[in-house]
Amino acid sequence: MCTHMLGIYGIAPSDYTPVYVNYNDGFSALGDSNVDAAIVNSAPPIPGIKELAIRKSIRLLPVSDDKRKAFLEKYAYYRAGILKKSVYDTAQDVVTLGTSNIIIARKDLDTGLVYNMVKAVCENLDTLRAAHPSARVVDIKDGTAGGVALHPGAARYFREQGILK
C-alpha cells in the first residue's frame, strides 16, 4: 500500500529511503526522529500511535478527496475509510484508505475446509467484534467485496447466504 499511496501523490521510490520495521519499531523511530513519516496499514486503534502521541505531538495526515478517488479507481481492492476523532483524540475525523479483512487460502485447499472456515467466522461475528474494536464494522454482506477471486468454498457459503449470486 505504501508505494501505491505515495505514487498517487507523485512520490517515486527513488525520492525516499524506505525503512522496513515492525509497527512498534516504526513508531519508536518516528518518535526518536530517525524517520520522517510512518505509513501504517493496520486495524485501529493501534497502541503504538497512542503511545507515540503521549511522547510527541503527532499529526495524522488525511488523504485528499481527489487523491482518494484516483487511488480507488486505480486500486479497487482498497477501501475508503474514516478514522473517527475519538480513536486517537484528534481534533477532527481523518479521511484515510484501508483494506478489507480477508482470509487468504491456497486455491487447492479443500473446498469443505474453506467453507467451514468462512462459516465459522461469519457465524461468530459477535465474538470477533468483542475481540477487537475494528471488527465492529465487519459485515457478512461485505464478504465478497475484497477485490480478489473467491475460493470455491467461500463462494459456496456466500451463495447459500444470498450474498453471492
# chains A, B, ... in the order shown; residues from 1 in each chain; ligands from 1
>>> select_by_dssp(residues="chain A", states="helix (DSSP H, G or I)", output="short mmCIF file (atom, residue, chain, number, x, y, z; two decimals) with C-alpha atoms, in the first residue's frame")
data_model
loop_
_atom_site.label_atom_id
_atom_site.label_comp_id
_atom_site.auth_asym_id
_atom_site.auth_seq_id
_atom_site.Cartn_x
_atom_site.Cartn_y
_atom_site.Cartn_z
CA CYS A 2 2.86 2.39 0.80
CA THR A 3 4.29 2.67 -2.71
CA HIS A 4 0.79 2.80 -4.19
CA MET A 5 -0.21 5.66 -1.88
CA LEU A 6 2.97 7.66 -2.39
CA GLY A 7 2.72 7.13 -6.15
CA ILE A 8 -0.70 8.79 -6.24
CA PRO A 13 10.57 5.13 -4.62
CA SER A 14 13.71 6.95 -5.77
CA ASP A 15 12.52 10.04 -3.85
CA TYR A 23 4.99 -1.30 13.84
CA ASN A 24 6.46 -0.73 17.28
CA ASP A 25 9.96 -0.07 15.92
CA GLY A 26 8.48 2.26 13.30
CA PHE A 27 6.73 4.36 15.91
CA SER A 28 9.86 4.41 18.07
CA ALA A 29 11.93 5.55 15.06
CA LEU A 30 9.37 8.26 14.35
CA GLY A 31 9.36 9.38 17.98
CA PRO A 47 -1.37 1.15 20.57
CA GLY A 48 1.92 2.39 19.04
CA ILE A 49 0.20 5.50 17.70
CA LYS A 50 -1.40 6.22 21.07
CA GLU A 51 1.94 5.75 22.84
CA LEU A 52 3.73 7.99 20.34
CA ALA A 53 1.11 10.72 20.79
CA ILE A 54 1.88 10.75 24.52
CA ARG A 55 5.60 11.34 23.82
CA ASP A 65 -10.70 13.62 -1.86
CA ASP A 66 -9.12 13.83 -5.31
CA LYS A 67 -6.20 11.58 -4.36
CA ARG A 68 -8.52 9.09 -2.63
CA LYS A 69 -10.72 8.94 -5.74
CA ALA A 70 -7.70 8.45 -8.03
CA PHE A 71 -6.29 5.78 -5.71
CA LEU A 72 -9.54 3.82 -5.52
CA GLU A 73 -10.01 3.98 -9.29
CA LYS A 74 -6.55 2.51 -9.79
CA LYS A 85 -11.52 11.64 16.01
CA SER A 86 -12.26 9.60 19.13
CA VAL A 87 -9.83 6.84 18.06
CA TYR A 88 -6.69 8.93 18.56
CA THR A 111 -13.38 -26.75 -0.50
CA GLY A 112 -15.18 -28.14 2.54
CA LEU A 113 -12.48 -26.87 4.89
CA VAL A 114 -12.63 -23.34 3.43
CA TYR A 115 -16.42 -23.41 3.56
CA ASN A 116 -16.27 -24.33 7.26
CA MET A 117 -13.65 -21.64 7.97
CA VAL A 118 -15.76 -18.91 6.37
CA LYS A 119 -18.89 -20.20 8.07
CA ALA A 120 -17.16 -20.24 11.47
CA VAL A 121 -16.02 -16.63 11.08
CA CYS A 122 -19.31 -15.33 9.69
CA LEU A 125 -19.05 -12.18 14.29
CA ASP A 126 -20.15 -11.13 17.78
CA THR A 127 -17.11 -12.90 19.24
CA LEU A 128 -14.87 -11.31 16.61
CA ARG A 129 -16.33 -7.87 17.31
CA ALA A 130 -15.70 -8.31 21.01
CA ALA A 131 -12.06 -9.23 20.34
CA PRO A 133 -12.72 -2.64 18.10
CA SER A 134 -12.04 -2.53 14.36
CA ALA A 135 -14.13 -5.66 13.89
CA ARG A 136 -17.26 -3.69 14.76
CA VAL A 137 -17.53 -2.74 11.10
CA ILE A 140 -21.09 -10.52 6.24
CA LYS A 141 -22.56 -8.57 3.30
CA ASP A 142 -19.03 -7.31 2.57
CA PRO A 152 -14.97 -22.16 -4.23
CA GLY A 153 -15.63 -23.00 -0.55
CA ALA A 154 -16.12 -19.33 0.32
CA ALA A 155 -18.24 -18.77 -2.78
CA ARG A 156 -20.47 -21.67 -1.75
CA TYR A 157 -21.04 -20.18 1.70
CA PHE A 158 -21.82 -16.70 0.35
CA ARG A 159 -24.18 -18.15 -2.28
CA GLU A 160 -26.05 -20.04 0.46
#
>>> atom_distance(atom1="atom CA of Asn101 of chain A", atom2="atom CA of Ala145 of chain A")
9.9 Å
>>> select_by_dssp(residues="segment 28-151 of chain A", states="strand (DSSP E or B)", output="list of chain:residue names")
A:Tyr78, A:Arg79, A:Ala80, A:Gly81, A:Ile82, A:Leu83, A:Val94, A:Val95, A:Thr96, A:Leu97, A:Gly98, A:Thr99
>>> residues_around(residues="Pro62 of chain A", least_positions_apart="2", cutoff="8 Å", atoms="only C-alpha atoms", output="PyMOL selection string")
chain A and resi 60+64+94-96
